[in-house]
Amino acid sequence: MAHSPLLKTALLLFAFAAAPLGWAGVFTSQDGAFTLDMPAGWTQVKNAPKDSVLSLQKGSSRIDVKSVACTTETCIEKKITADLADVKSKKMQVVGNSYTGEEVKRIEFSTGDPFFYISFFTPKNDFGAGYFLIDGKAYSILAKDLTYAETDLIFSFISPVEKSAPVALEMNLNDPRAYDIAALPAVHEETLDVTIEAPAVQEPPAAAAEPEKPAQTSAPSALKKKLARLKVRTLLSKNMPPYVRQLGRGFDVLVGLMFLFAVLLGAAGCVRPFLRRRPENLPANPNSLYPIKFVRLYGTPSLIFRAKDNQGNVLVSLSSRWDSLFLFSGLLLIALAFIVMAAAGLGENSGLLPLSAFAYNTIYSACSLVIPLGAVIFFCGIVWSQLVLREITLFDRKGKKAAIILQKGFGLTHERYEIYFARSKDVLVATRKRFSLRRSWQLFTREGNALASLTERSAWRAVARKACGHLWGLLRADYDIDGQMDSKGVIDNAHTAFDRFVCNIDKPQALNARDLLAAALLINIRDKDKWYPWFN
């Protein structure tokens, strides 16, 4: 039967952990070309087939290795391809690689010789079949009643026998030919015409010269070698999941963009403390309710803002932010999985991380599970943000409801919100323009009379924030207010990592402070500046 990737991984880990406890021994082929390390319980078959070089058995499980008339890798590759076609023609189910999806698996021995094999099963039995080369000789192997994970494990235990170095021949002194002068090769005498002169006597040096030190590799040259190894063409690996390998160069581009975003975020964090901050204590009329200061309170799953006007009146807003939590969590999981796969691909392609193929496949397998999980969480965040109607509640100092803001449906171009005030029973209507370059809001009475328009001040900052996030507050949005009676006002953000802003207007009698306070809270809750790139 087929086995899930998690089950196969668990079996492999269990087999590795339990191997030292019950190791039986080493079985050697009849021709002495290779050995096979097997766990306890395996025995050699006594009545093996004639062409078998090694046959092992444990209960109903059996492994037979036979010699094959092949000498090249191409030959055994053709044979395994033909066997695969034969298995499929008999309606047997083939088990592909859990990570790459390939039906024919390929591994190499320490000598570099190849090993091709396939795994398949019938309703009653599991099989593993393959071909391998050792020192120019080809062998076929068939495993019966072994699971997919057990077959992978046992096939990896096949080891070519290392050949001992040839020993120099010595002449036997007891052999009569050892003293047979006639058996020696003939030597021809030649007269040397060159006069041999005695070598000139050289005086010993006054002081013994110091021995030369072996040349040491300089640190720069070693660094250059390491950097040269880093020059890889791609971060992709053939062992990555198929849906990642299909991205091609797009995977490298995506990882590069994430790296640039991380560098940009780090640079903004380093520069932000040195930038001049806006003054928060602005001159104000002591008898006016303006300016109104807003501070976001952190540390809770809900989104909480505290608003305080110039007369000391305090309102606290409370709203859920499950959509933001889902969006951020999903993006974080996807980004971490891609970064881990990119690092593993770099280490595998450059050889900087000396890990086994099993370790790399385990990393890729785990990441291939994390990415779809992150995508599902991210999709839930999008659905929540676009289809679930928002509700914001404002409380006064005594904890009583002062106002309720409700979203009234969705539109293709606009969103509509209604603000209900508990004491006066007044109702205000706020509309938001969707999918615009700069954020834009309108404030109306219940009868439809325009009160004010609030528009994001900077277009370039809006575009940059969509691509980079707010970058530690540097790209947070400011708004200009155009109200009735030709009044002008602003919503100025402090541009810090923690959200704070101030609302002020030049003609306090033009707009009720209560109305502008509720509108400012609605705008900053609905169009919350995000740390990551986002379209609003």
# chains A, B, ... in the order shown; residues from 1 in each chain; ligands from 1

call {"tool": "residues_around", "arguments": {"residues": "Leu260 (chain A)", "least_positions_apart": "6", "cutoff": "12 Å", "atoms": "only C-alpha atoms", "output": "PyMOL selection string"}}
result
chain A and resi 253-254+266-267+467-468

call {"tool": "write_last_selection", "arguments": {"atoms": "C-alpha atoms", "output": "mmCIF file, in the first residue's frame"}}
result
data_model
loop_
_atom_site.group_PDB
_atom_site.id
_atom_site.type_symbol
_atom_site.label_atom_id
_atom_site.label_comp_id
_atom_site.auth_asym_id
_atom_site.auth_seq_id
_atom_site.Cartn_x
_atom_site.Cartn_y
_atom_site.Cartn_z
ATOM 1 C CA VAL A 253 14.082 36.650 -8.020
ATOM 2 C CA LEU A 254 11.594 36.169 -5.173
ATOM 3 C CA GLY A 266 17.292 47.022 8.637
ATOM 4 C CA ALA A 267 18.683 50.213 7.110
ATOM 5 C CA ALA A 467 6.017 48.359 -1.982
ATOM 6 C CA CYS A 468 7.971 48.464 1.290
#

call {"tool": "select_by_dssp", "arguments": {"residues": "region 377-519 of chain A", "states": "alpha helix (DSSP H)", "output": "count of residues only"}}
result
28

call {"tool": "residues_around", "arguments": {"residues": "Leu475 (chain A)", "least_positions_apart": "6", "cutoff": "8 Å", "atoms": "only C-alpha atoms", "output": "ChimeraX atom specification"}}
result
/A:461-462,464-465,469,495

call {"tool": "residues_around", "arguments": {"residues": "Phe251 (chain A)", "least_positions_apart": "6", "cutoff": "12 Å", "atoms": "only C-alpha atoms", "output": "ChimeraX atom specification"}}
result
/A:234-237,240,243-245,257-258,335,338-339,341-342,345

call {"tool": "residues_around", "arguments": {"residues": "Val65 (chain A)", "least_positions_apart": "3", "cutoff": "8 Å", "atoms": "only C-alpha atoms", "output": "ChimeraX atom specification"}}
result
/A:52-55,139-142

call {"tool": "atom_distance", "arguments": {"atom1": "CA of Thr393 (chain A)", "atom2": "CA of Leu406 (chain A)"}}
result
8.8 Å

call {"tool": "residues_around", "arguments": {"residues": "Ser60 (chain A)", "least_positions_apart": "4", "cutoff": "10 Å", "atoms": "only C-alpha atoms", "output": "CSV table (one decimal) with N, CA, C and O atoms, in the first residue's frame"}}
result
chain,number,residue,atom,x,y,z
A,144,LYS,N,11.2,-7.7,-1.8
A,144,LYS,CA,9.8,-8.1,-1.7
A,144,LYS,C,9.3,-7.9,-0.3
A,144,LYS,O,10.1,-8.3,0.7
A,145,ASP,N,8.1,-7.4,-0.1
A,145,ASP,CA,7.5,-7.3,1.2
A,145,ASP,C,8.3,-6.4,2.1
A,145,ASP,O,8.4,-6.6,3.3
A,146,LEU,N,8.8,-5.3,1.6
A,146,LEU,CA,9.5,-4.3,2.3
A,146,LEU,C,8.8,-2.9,2.0
A,146,LEU,O,8.5,-2.7,0.8

call {"tool": "closest_residue", "arguments": {"among": "A:Gly256, A:Gly374, A:Pro508, A:Pro301", "to": "Lys488 (chain A)", "atoms": "only C-alpha atoms"}}
result
A:Pro508

call {"tool": "closest_residue", "arguments": {"among": "A:Ala430, A:Met38, A:Ala344, A:Cys75", "to": "Leu153 (chain A)", "atoms": "only C-alpha atoms"}}
result
A:Met38

call {"tool": "select_by_dssp", "arguments": {"residues": "region 277-353 of chain A", "states": "strand (DSSP E)", "output": "JSON, numbers by chain"}}
result
{"A": [292, 293, 294, 295, 296, 297, 303, 304, 305, 306, 307, 308, 314, 315, 316, 317, 318, 319]}

call {"tool": "write_last_selection", "arguments": {"atoms": "N, CA, C and O atoms", "output": "PDB file, in the first residue's frame"}}
result
ATOM      1  N   ILE A 292      -6.645  66.846  19.009  1.00  0.00           N
ATOM      2  CA  ILE A 292      -6.989  65.551  19.603  1.00  0.00           C
ATOM      3  C   ILE A 292      -5.811  64.604  19.349  1.00  0.00           C
ATOM      4  O   ILE A 292      -5.372  64.452  18.207  1.00  0.00           O
ATOM      5  N   LYS A 293      -5.317  63.994  20.405  1.00  0.00           N
ATOM      6  CA  LYS A 293      -4.147  63.122  20.299  1.00  0.00           C
ATOM      7  C   LYS A 293      -4.600  61.659  20.396  1.00  0.00           C
ATOM      8  O   LYS A 293      -5.417  61.296  21.258  1.00  0.00           O
ATOM      9  N   PHE A 294      -4.006  60.835  19.546  1.00  0.00           N
ATOM     10  CA  PHE A 294      -4.352  59.413  19.471  1.00  0.00           C
ATOM     11  C   PHE A 294      -3.086  58.585  19.707  1.00  0.00           C
ATOM     12  O   PHE A 294      -2.013  58.895  19.170  1.00  0.00           O
ATOM     13  N   VAL A 295      -3.233  57.512  20.466  1.00  0.00           N
ATOM     14  CA  VAL A 295      -2.119  56.591  20.737  1.00  0.00           C
ATOM     15  C   VAL A 295      -2.650  55.169  20.636  1.00  0.00           C
ATOM     16  O   VAL A 295      -3.717  54.850  21.200  1.00  0.00           O
ATOM     17  N   ARG A 296      -1.934  54.352  19.934  1.00  0.00           N
ATOM     18  CA  ARG A 296      -2.319  52.933  19.879  1.00  0.00           C
ATOM     19  C   ARG A 296      -1.736  52.204  21.077  1.00  0.00           C
ATOM     20  O   ARG A 296      -0.561  52.395  21.436  1.00  0.00           O
ATOM     21  N   LEU A 297      -2.559  51.357  21.695  1.00  0.00           N
ATOM     22  CA  LEU A 297      -2.132  50.559  22.848  1.00  0.00           C
ATOM     23  C   LEU A 297      -1.830  49.143  22.377  1.00  0.00           C
ATOM     24  O   LEU A 297      -2.679  48.474  21.772  1.00  0.00           O
ATOM     25  N   LEU A 303      -7.327  45.421  18.507  1.00  0.00           N
ATOM     26  CA  LEU A 303      -6.749  46.698  18.082  1.00  0.00           C
ATOM     27  C   LEU A 303      -7.362  47.805  18.942  1.00  0.00           C
ATOM     28  O   LEU A 303      -8.562  48.067  18.864  1.00  0.00           O
ATOM     29  N   ILE A 304      -6.547  48.459  19.770  1.00  0.00           N
ATOM     30  CA  ILE A 304      -7.036  49.437  20.743  1.00  0.00           C
ATOM     31  C   ILE A 304      -6.333  50.774  20.517  1.00  0.00           C
ATOM     32  O   ILE A 304      -5.097  50.817  20.416  1.00  0.00           O
ATOM     33  N   PHE A 305      -7.112  51.841  20.428  1.00  0.00           N
ATOM     34  CA  PHE A 305      -6.604  53.202  20.354  1.00  0.00           C
ATOM     35  C   PHE A 305      -7.187  54.011  21.522  1.00  0.00           C
ATOM     36  O   PHE A 305      -8.341  53.797  21.918  1.00  0.00           O
ATOM     37  N   ARG A 306      -6.393  54.933  22.040  1.00  0.00           N
ATOM     38  CA  ARG A 306      -6.868  55.861  23.060  1.00  0.00           C
ATOM     39  C   ARG A 306      -6.801  57.273  22.503  1.00  0.00           C
ATOM     40  O   ARG A 306      -5.743  57.721  22.027  1.00  0.00           O
ATOM     41  N   ALA A 307      -7.923  57.983  22.544  1.00  0.00           N
ATOM     42  CA  ALA A 307      -8.010  59.353  22.028  1.00  0.00           C
ATOM     43  C   ALA A 307      -8.272  60.300  23.201  1.00  0.00           C
ATOM     44  O   ALA A 307      -9.125  60.022  24.059  1.00  0.00           O
ATOM     45  N   LYS A 308      -7.562  61.418  23.196  1.00  0.00           N
ATOM     46  CA  LYS A 308      -7.707  62.413  24.272  1.00  0.00           C
ATOM     47  C   LYS A 308      -7.716  63.799  23.649  1.00  0.00           C
ATOM     48  O   LYS A 308      -6.782  64.181  22.941  1.00  0.00           O
ATOM     49  N   VAL A 314     -11.486  61.525  27.312  1.00  0.00           N
ATOM     50  CA  VAL A 314     -10.810  60.330  26.789  1.00  0.00           C
ATOM     51  C   VAL A 314     -11.841  59.366  26.230  1.00  0.00           C
ATOM     52  O   VAL A 314     -12.887  59.112  26.846  1.00  0.00           O
ATOM     53  N   LEU A 315     -11.542  58.851  25.055  1.00  0.00           N
ATOM     54  CA  LEU A 315     -12.319  57.770  24.444  1.00  0.00           C
ATOM     55  C   LEU A 315     -11.354  56.660  24.043  1.00  0.00           C
ATOM     56  O   LEU A 315     -10.234  56.927  23.584  1.00  0.00           O
ATOM     57  N   VAL A 316     -11.810  55.421  24.201  1.00  0.00           N
ATOM     58  CA  VAL A 316     -11.005  54.252  23.830  1.00  0.00           C
ATOM     59  C   VAL A 316     -11.775  53.444  22.804  1.00  0.00           C
ATOM     60  O   VAL A 316     -12.964  53.137  23.013  1.00  0.00           O
ATOM     61  N   SER A 317     -11.117  53.118  21.696  1.00  0.00           N
ATOM     62  CA  SER A 317     -11.751  52.309  20.643  1.00  0.00           C
ATOM     63  C   SER A 317     -11.266  50.872  20.741  1.00  0.00           C
ATOM     64  O   SER A 317     -10.098  50.614  21.059  1.00  0.00           O
ATOM     65  N   LEU A 318     -12.163  49.939  20.457  1.00  0.00           N
ATOM     66  CA  LEU A 318     -11.840  48.521  20.513  1.00  0.00           C
ATOM     67  C   LEU A 318     -12.369  47.856  19.249  1.00  0.00           C
ATOM     68  O   LEU A 318     -13.545  48.013  18.900  1.00  0.00           O
ATOM     69  N   SER A 319     -11.500  47.133  18.564  1.00  0.00           N
ATOM     70  CA  SER A 319     -11.896  46.411  17.346  1.00  0.00           C
ATOM     71  C   SER A 319     -11.024  45.182  17.192  1.00  0.00           C
ATOM     72  O   SER A 319      -9.890  45.135  17.693  1.00  0.00           O
TER      73      SER A 319
END

call {"tool": "closest_residue", "arguments": {"among": "A:Ala366, A:Pro242, A:Cys503, A:Arg397", "to": "Asp515 (chain A)", "atoms": "only C-alpha atoms"}}
result
A:Cys503

call {"tool": "closest_residue", "arguments": {"among": "A:Ala450, A:Ala519, A:Ile80, A:Leu56", "to": "Ile118 (chain A)", "atoms": "only C-alpha atoms"}}
result
A:Ile80

call {"tool": "atom_distance", "arguments": {"atom1": "CA of Ala403 (chain A)", "atom2": "CA of Ile525 (chain A)"}}
result
15.0 Å

call {"tool": "residues_around", "arguments": {"residues": "Gln407 (chain A)", "least_positions_apart": "3", "cutoff": "8 Å", "atoms": "only C-alpha atoms", "output": "list in words"}}
result
Leu389, Arg390, Glu391, Glu415, Arg416, Tyr417 and Glu418 of chain A

call {"tool": "write_last_selection", "arguments": {"atoms": "N, CA and C atoms", "output": "PDB file, in the first residue's frame"}}
result
ATOM      1  N   LEU A 389     -17.778  42.054   7.733  1.00  0.00           N
ATOM      2  CA  LEU A 389     -18.070  43.457   8.013  1.00  0.00           C
ATOM      3  C   LEU A 389     -17.414  43.878   9.325  1.00  0.00           C
ATOM      4  N   ARG A 390     -16.786  45.042   9.306  1.00  0.00           N
ATOM      5  CA  ARG A 390     -16.063  45.532  10.479  1.00  0.00           C
ATOM      6  C   ARG A 390     -17.005  46.205  11.467  1.00  0.00           C
ATOM      7  N   GLU A 391     -16.596  46.124  12.740  1.00  0.00           N
ATOM      8  CA  GLU A 391     -17.344  46.777  13.813  1.00  0.00           C
ATOM      9  C   GLU A 391     -16.351  47.350  14.808  1.00  0.00           C
ATOM     10  N   GLU A 415     -16.503  51.793   0.036  1.00  0.00           N
ATOM     11  CA  GLU A 415     -16.987  51.127   1.237  1.00  0.00           C
ATOM     12  C   GLU A 415     -17.778  52.159   2.052  1.00  0.00           C
ATOM     13  N   ARG A 416     -18.818  51.707   2.727  1.00  0.00           N
ATOM     14  CA  ARG A 416     -19.695  52.618   3.469  1.00  0.00           C
ATOM     15  C   ARG A 416     -19.706  52.225   4.953  1.00  0.00           C
ATOM     16  N   TYR A 417     -19.534  53.210   5.809  1.00  0.00           N
ATOM     17  CA  TYR A 417     -19.559  53.007   7.256  1.00  0.00           C
ATOM     18  C   TYR A 417     -20.537  54.003   7.869  1.00  0.00           C
ATOM     19  N   GLU A 418     -21.214  53.564   8.927  1.00  0.00           N
ATOM     20  CA  GLU A 418     -22.125  54.435   9.664  1.00  0.00           C
ATOM     21  C   GLU A 418     -21.683  54.511  11.114  1.00  0.00           C
TER      22      GLU A 418
END

call {"tool": "closest_residue", "arguments": {"among": "A:Thr28, A:Thr74, A:Thr445, A:Gln484", "to": "Ser159 (chain A)", "atoms": "only C-alpha atoms"}}
result
A:Thr28

call {"tool": "closest_residue", "arguments": {"among": "A:Leu373, A:Met92, A:Val388, A:Ala494", "to": "Asn281 (chain A)", "atoms": "only C-alpha atoms"}}
result
A:Ala494
